[in-house]
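Structure record follows, encoded as structure tokens.
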Amino acid sequence: MISCPVPRTTGHDMNDFWTDILNFAKDTTNRVGNRHLRDFGQVQGSEKADGTLVTQADRWADQEIRDAIASHFPSHGVLSEEASHQFPESEWCWIIDPLDGTTNFTRGIPLWGVSLGLLYQGTPVFGYIHFAPVQQSFHGFWLGKSELSGVENGAFLNGRPIHSSQDSPSQNHFFNLCARSTSVMKQPFPCKIRMLGVASYNFLATANGVTLGGVEATPKIWDFAGAWVIIHASGAVWVPLDSQPIFPLEVGQDYGQRSFPTLVAARPELVSVFKPLVEFLGKCGSF
């Protein structure tokens with residue numbers, strides 16, 4: 001892999017690197033989010049080959065973010081929803097969703113965001129997702145088994161630490177579905193169901209302790225690269241439903257058509273509660 005000139009020390013150099021990463025993500029997503037707010041509900045969407053919507057706002061934001069990365073981190077690779085879907089040969093790579101929740105955006109529902117995930121050697125280590133309409137910015141660090149240092153693992157909302165819930169399921173607790181997983185409601189479910197229309201927010205609601213879990217039947221890599229970090233750092237559990245490992249991503253692999261059916265649960269004990277009710281989605285969601 002192409003090496004990035006990032007300091008390998010455990011001192012101030014690495015601390016400065018992570019501070020730079022965080023500030024870049026915050027500034028970039030705020031700038032893009034503010035532009036989206038001006039366009040919100042004013043643009044028309046067109047249908048892509050996979051049936052999802054895309055707007056000029058998506059395309060502008062994608063180019064804006066890619067240009068910012070090229071300027072600030074010229075040795076970093078990029079994989080984005082609206083441009084290249086092939087994972088590049090670079091040690092560091094940003095995965096971009098320039099407008100997560102495009103249908104909400106075009107129909108006037110004020111829940112959509114801008115998502116960035118930073119991968120090291122194919123595995124996410126940093127995520128930042130900004131939801132401009134509700135003024136919520138999630139970020140997290142999860143260094144996993146890498147040799148990286150200089151920052152502690154943690155998940156945050158607007159700069160404050162967040163953790164997944166320790167509650168037990170009841171009809172006063174929530175579980176999130178996506179539009180392609182509504183067949184789950186054909187059977188009794190131990191929580192109230194919600195459907196938010198934004199994959200990343202679906203997952204982050206569990207990281208924030210708002211829901212006890214959620215499922216996405218057909219998320220793409222850009223839908224969750226940033227949220228994956230925050231889920232792990234919050235203490236919640238990420239469960240692939242097709243049993244295939246997601247990370248590290250493979251150099252040269254095209255991820256444009258691959259989906260990753262996923263369950264998230266607030267804590268390990270809830271996996272055995274929720275997984276039997278949703279695991280059938282793994283047999284039809286990945287393609």
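Going through the structure tokens in order, the chains are called A, B, and so on, while each chain numbers its residues from 1 and the ligands are numbered from 1 in the order shown.
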Enumerate the residues of range 45-239 of chain A with a DSSP assignment of strand (DSSP E), computed from the backbone, and present them as JSON, numbers by chain. {"A": [46, 47, 53, 54, 77, 78, 79, 80, 92, 93, 94, 95, 96, 97, 98, 99, 100, 113, 114, 115, 116, 117, 118, 119, 120, 123, 124, 125, 126, 127, 128, 129, 130, 131, 136, 137, 138, 139, 140, 141, 154, 155, 156, 157, 160, 161, 174, 175, 176, 177, 192, 193, 194, 195, 213, 214, 215, 216, 237, 238, 239]}
Contacts of Val229 in chain A within 7 Å, only C-alpha atoms, excl. fewer than 3 positions in-chain, as a PDB file with all heavy atoms, in the first residue's frame:
```
ATOM      1  N   PRO A 124     -12.091   1.168   9.394  1.00  0.00           N
ATOM      2  CA  PRO A 124     -12.397   2.498   9.938  1.00  0.00           C
ATOM      3  C   PRO A 124     -11.800   2.709  11.325  1.00  0.00           C
ATOM      4  O   PRO A 124     -11.862   1.825  12.187  1.00  0.00           O
ATOM      5  CB  PRO A 124     -13.926   2.514  10.002  1.00  0.00           C
ATOM      6  CG  PRO A 124     -14.369   1.494   9.015  1.00  0.00           C
ATOM      7  CD  PRO A 124     -13.327   0.414   9.077  1.00  0.00           C
ATOM      8  N   VAL A 125     -11.248   3.899  11.532  1.00  0.00           N
ATOM      9  CA  VAL A 125     -10.702   4.275  12.837  1.00  0.00           C
ATOM     10  C   VAL A 125     -11.286   5.594  13.329  1.00  0.00           C
ATOM     11  O   VAL A 125     -11.144   5.948  14.505  1.00  0.00           O
ATOM     12  CB  VAL A 125      -9.164   4.368  12.809  1.00  0.00           C
ATOM     13  CG1 VAL A 125      -8.539   2.994  12.592  1.00  0.00           C
ATOM     14  CG2 VAL A 125      -8.686   5.355  11.730  1.00  0.00           C
ATOM     15  N   PHE A 126     -11.955   6.341  12.436  1.00  0.00           N
ATOM     16  CA  PHE A 126     -12.544   7.631  12.798  1.00  0.00           C
ATOM     17  C   PHE A 126     -13.807   7.828  11.984  1.00  0.00           C
ATOM     18  O   PHE A 126     -13.863   7.495  10.806  1.00  0.00           O
ATOM     19  CB  PHE A 126     -11.560   8.768  12.516  1.00  0.00           C
ATOM     20  CG  PHE A 126     -12.162  10.147  12.625  1.00  0.00           C
ATOM     21  CD1 PHE A 126     -12.385  10.721  13.865  1.00  0.00           C
ATOM     22  CD2 PHE A 126     -12.501  10.866  11.475  1.00  0.00           C
ATOM     23  CE1 PHE A 126     -12.939  11.993  13.963  1.00  0.00           C
ATOM     24  CE2 PHE A 126     -13.058  12.132  11.565  1.00  0.00           C
ATOM     25  CZ  PHE A 126     -13.277  12.700  12.813  1.00  0.00           C
ATOM     26  N   GLY A 127     -14.837   8.371  12.627  1.00  0.00           N
ATOM     27  CA  GLY A 127     -16.069   8.687  11.926  1.00  0.00           C
ATOM     28  C   GLY A 127     -16.624  10.019  12.376  1.00  0.00           C
ATOM     29  O   GLY A 127     -16.499  10.385  13.557  1.00  0.00           O
ATOM     30  N   GLY A 140     -16.394   9.760  16.478  1.00  0.00           N
ATOM     31  CA  GLY A 140     -15.815   8.710  17.312  1.00  0.00           C
ATOM     32  C   GLY A 140     -14.462   8.271  16.818  1.00  0.00           C
ATOM     33  O   GLY A 140     -14.117   8.450  15.640  1.00  0.00           O
ATOM     34  N   PHE A 141     -13.686   7.729  17.741  1.00  0.00           N
ATOM     35  CA  PHE A 141     -12.395   7.110  17.446  1.00  0.00           C
ATOM     36  C   PHE A 141     -12.457   5.662  17.913  1.00  0.00           C
ATOM     37  O   PHE A 141     -12.939   5.378  19.025  1.00  0.00           O
ATOM     38  CB  PHE A 141     -11.256   7.824  18.186  1.00  0.00           C
ATOM     39  CG  PHE A 141     -11.079   9.267  17.819  1.00  0.00           C
ATOM     40  CD1 PHE A 141     -11.671  10.272  18.565  1.00  0.00           C
ATOM     41  CD2 PHE A 141     -10.313   9.619  16.706  1.00  0.00           C
ATOM     42  CE1 PHE A 141     -11.502  11.606  18.230  1.00  0.00           C
ATOM     43  CE2 PHE A 141     -10.136  10.950  16.361  1.00  0.00           C
ATOM     44  CZ  PHE A 141     -10.739  11.954  17.130  1.00  0.00           C
ATOM     45  N   TRP A 142     -11.974   4.756  17.099  1.00  0.00           N
ATOM     46  CA  TRP A 142     -11.917   3.343  17.459  1.00  0.00           C
ATOM     47  C   TRP A 142     -10.698   2.752  16.756  1.00  0.00           C
ATOM     48  O   TRP A 142     -10.755   2.366  15.592  1.00  0.00           O
ATOM     49  CB  TRP A 142     -13.189   2.614  17.052  1.00  0.00           C
ATOM     50  CG  TRP A 142     -13.227   1.182  17.473  1.00  0.00           C
ATOM     51  CD1 TRP A 142     -13.069   0.070  16.682  1.00  0.00           C
ATOM     52  CD2 TRP A 142     -13.433   0.683  18.792  1.00  0.00           C
ATOM     53  NE1 TRP A 142     -13.163  -1.079  17.431  1.00  0.00           N
ATOM     54  CE2 TRP A 142     -13.385  -0.741  18.737  1.00  0.00           C
ATOM     55  CE3 TRP A 142     -13.656   1.298  20.033  1.00  0.00           C
ATOM     56  CZ2 TRP A 142     -13.548  -1.537  19.859  1.00  0.00           C
ATOM     57  CZ3 TRP A 142     -13.824   0.494  21.154  1.00  0.00           C
ATOM     58  CH2 TRP A 142     -13.765  -0.907  21.049  1.00  0.00           C
ATOM     59  N   GLY A 226     -18.521   5.635   8.686  1.00  0.00           N
ATOM     60  CA  GLY A 226     -18.322   6.497   9.844  1.00  0.00           C
ATOM     61  C   GLY A 226     -19.063   6.007  11.075  1.00  0.00           C
ATOM     62  O   GLY A 226     -18.525   6.012  12.188  1.00  0.00           O
ATOM     63  N   HIS A 232     -19.008   1.015  17.718  1.00  0.00           N
ATOM     64  CA  HIS A 232     -18.053   0.272  18.533  1.00  0.00           C
ATOM     65  C   HIS A 232     -17.593   1.083  19.740  1.00  0.00           C
ATOM     66  O   HIS A 232     -17.507   0.558  20.857  1.00  0.00           O
ATOM     67  CB  HIS A 232     -16.841  -0.138  17.685  1.00  0.00           C
ATOM     68  CG  HIS A 232     -17.100  -1.304  16.795  1.00  0.00           C
ATOM     69  ND1 HIS A 232     -17.735  -1.190  15.578  1.00  0.00           N
ATOM     70  CD2 HIS A 232     -16.808  -2.621  16.933  1.00  0.00           C
ATOM     71  CE1 HIS A 232     -17.831  -2.384  15.022  1.00  0.00           C
ATOM     72  NE2 HIS A 232     -17.270  -3.270  15.807  1.00  0.00           N
ATOM     73  N   ALA A 233     -17.306   2.354  19.517  1.00  0.00           N
ATOM     74  CA  ALA A 233     -16.789   3.190  20.605  1.00  0.00           C
ATOM     75  C   ALA A 233     -17.832   3.464  21.681  1.00  0.00           C
ATOM     76  O   ALA A 233     -17.480   3.761  22.829  1.00  0.00           O
ATOM     77  CB  ALA A 233     -16.271   4.506  20.040  1.00  0.00           C
TER      78      ALA A 233
END
```
Neighbours of range 246-257 of chain A within 9 Å (only C-alpha atoms; same-chain residues fewer than 6 positions away dropped), as a ChimeraX atom specification? /A:1,50,79,81,84-90,119-124,220-221,240,287
Residue selection dump (N, CA, C and O atoms) as a short mmCIF file (atom, residue, chain, number, x, y, z; two decimals), in the first residue's frame:
```
data_model
loop_
_atom_site.label_atom_id
_atom_site.label_comp_id
_atom_site.auth_asym_id
_atom_site.auth_seq_id
_atom_site.Cartn_x
_atom_site.Cartn_y
_atom_site.Cartn_z
N MET A 1 0.83 -1.19 0.00
CA MET A 1 0.00 0.00 0.00
C MET A 1 0.87 1.25 0.00
O MET A 1 1.96 1.27 0.55
N ASP A 50 -29.76 1.94 -8.98
CA ASP A 50 -30.15 1.09 -7.86
C ASP A 50 -31.48 1.51 -7.25
O ASP A 50 -31.89 0.95 -6.23
N LEU A 79 -13.12 7.02 -1.37
CA LEU A 79 -14.19 6.22 -1.95
C LEU A 79 -15.48 6.94 -1.60
O LEU A 79 -15.71 7.23 -0.43
N GLU A 81 -19.87 7.83 -2.54
CA GLU A 81 -21.10 7.32 -3.13
C GLU A 81 -21.30 7.81 -4.56
O GLU A 81 -21.75 7.05 -5.42
N SER A 84 -15.97 7.46 -7.27
CA SER A 84 -15.31 6.16 -7.33
C SER A 84 -15.79 5.23 -6.23
O SER A 84 -15.82 5.61 -5.06
N HIS A 85 -16.16 4.02 -6.62
CA HIS A 85 -16.58 2.99 -5.66
C HIS A 85 -15.48 1.95 -5.41
O HIS A 85 -15.69 1.01 -4.66
N GLN A 86 -14.35 2.13 -6.05
CA GLN A 86 -13.27 1.16 -5.93
C GLN A 86 -12.35 1.56 -4.78
O GLN A 86 -11.91 2.71 -4.68
N PHE A 87 -12.05 0.58 -3.91
CA PHE A 87 -11.19 0.88 -2.77
C PHE A 87 -9.75 1.05 -3.25
O PHE A 87 -9.20 0.17 -3.90
N PRO A 88 -9.13 2.21 -2.94
CA PRO A 88 -7.83 2.53 -3.52
C PRO A 88 -6.66 1.92 -2.76
O PRO A 88 -6.79 1.47 -1.62
N GLU A 89 -5.52 1.94 -3.41
CA GLU A 89 -4.29 1.43 -2.80
C GLU A 89 -3.62 2.56 -2.04
O GLU A 89 -2.63 3.15 -2.46
N SER A 90 -4.16 2.87 -0.87
CA SER A 90 -3.58 3.91 -0.02
C SER A 90 -3.80 3.50 1.44
O SER A 90 -4.81 2.89 1.78
N LEU A 119 -10.50 5.41 7.08
CA LEU A 119 -10.01 4.05 7.23
C LEU A 119 -8.49 4.03 7.23
O LEU A 119 -7.85 4.78 6.48
N TYR A 120 -7.94 3.17 8.07
CA TYR A 120 -6.50 2.92 8.10
C TYR A 120 -6.27 1.47 7.74
O TYR A 120 -6.82 0.57 8.39
N GLN A 121 -5.52 1.24 6.68
CA GLN A 121 -5.27 -0.10 6.18
C GLN A 121 -6.57 -0.89 6.01
O GLN A 121 -6.66 -2.07 6.31
N GLY A 122 -7.61 -0.20 5.52
CA GLY A 122 -8.86 -0.85 5.16
C GLY A 122 -9.90 -0.96 6.24
O GLY A 122 -10.99 -1.49 5.99
N THR A 123 -9.62 -0.46 7.45
CA THR A 123 -10.56 -0.57 8.56
C THR A 123 -10.83 0.81 9.15
O THR A 123 -9.88 1.58 9.40
N PRO A 124 -12.09 1.17 9.39
CA PRO A 124 -12.40 2.50 9.94
C PRO A 124 -11.80 2.71 11.33
O PRO A 124 -11.86 1.82 12.19
N LYS A 220 -24.97 0.29 1.97
CA LYS A 220 -23.71 0.28 1.24
C LYS A 220 -22.59 0.77 2.16
O LYS A 220 -22.85 1.32 3.23
N ILE A 221 -21.36 0.62 1.73
CA ILE A 221 -20.22 0.92 2.58
C ILE A 221 -20.22 2.37 3.02
O ILE A 221 -19.84 2.70 4.16
N PRO A 240 -22.97 -8.36 11.53
CA PRO A 240 -23.26 -8.62 10.11
C PRO A 240 -24.23 -9.79 9.98
O PRO A 240 -24.03 -10.84 10.60
N PHE A 287 -25.95 -8.34 -2.01
CA PHE A 287 -25.86 -8.67 -3.45
C PHE A 287 -24.66 -7.96 -4.06
O PHE A 287 -24.04 -7.16 -3.42
#
```
With distances taken over only C-alpha atoms, the candidate from A:Asn172, A:Asn30, A:Ser115, A:Asn104 nearest Met195 in chain A is A:Asn104
Of A:Ala225, A:Ala207, A:Ala265, A:Ile129, the one sitting nearest Lys26 in chain A when using only C-alpha atoms is A:Ile129
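Across the model, the gap from CA of Ile95 in chain A to CA of Ala70 in chain A is 13.2 Å.
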Pairwise distance, CA of Asn158 in chain A with CA of Phe138 in chain A, equals 6.3 Å
Taking only range 42-239 of chain A into account, list the residues labelled alpha helix (DSSP H) by DSSP (computed from the backbone), as an NGL selection string. :A and (56-72 or 102-107 or 199-207 or 221-234)
Excluding His72 in chain A and its own-chain neighbours fewer than 4 positions away, which residues fall within 9 Å of it when counting only C-alpha atoms? Please give them as a PDB file with N, CA and C atoms, in the first residue's frame.
```pdb
ATOM      1  N   PHE A  24     -10.760  19.045  10.649  1.00  0.00           N
ATOM      2  CA  PHE A  24     -11.073  18.996   9.217  1.00  0.00           C
ATOM      3  C   PHE A  24     -12.483  18.453   8.995  1.00  0.00           C
ATOM      4  N   ASP A  67     -12.498  17.485  -3.021  1.00  0.00           N
ATOM      5  CA  ASP A  67     -11.518  18.551  -3.240  1.00  0.00           C
ATOM      6  C   ASP A  67     -10.849  18.952  -1.928  1.00  0.00           C
ATOM      7  N   ALA A  68     -11.626  19.015  -0.850  1.00  0.00           N
ATOM      8  CA  ALA A  68     -11.071  19.390   0.450  1.00  0.00           C
ATOM      9  C   ALA A  68     -10.064  18.355   0.940  1.00  0.00           C
TER      10      ALA A  68
END
```
Closest of A:Gly108, A:Gly214, A:Gly209, A:Gly282 to Ser259 in chain A, counting only C-alpha atoms, is A:Gly282
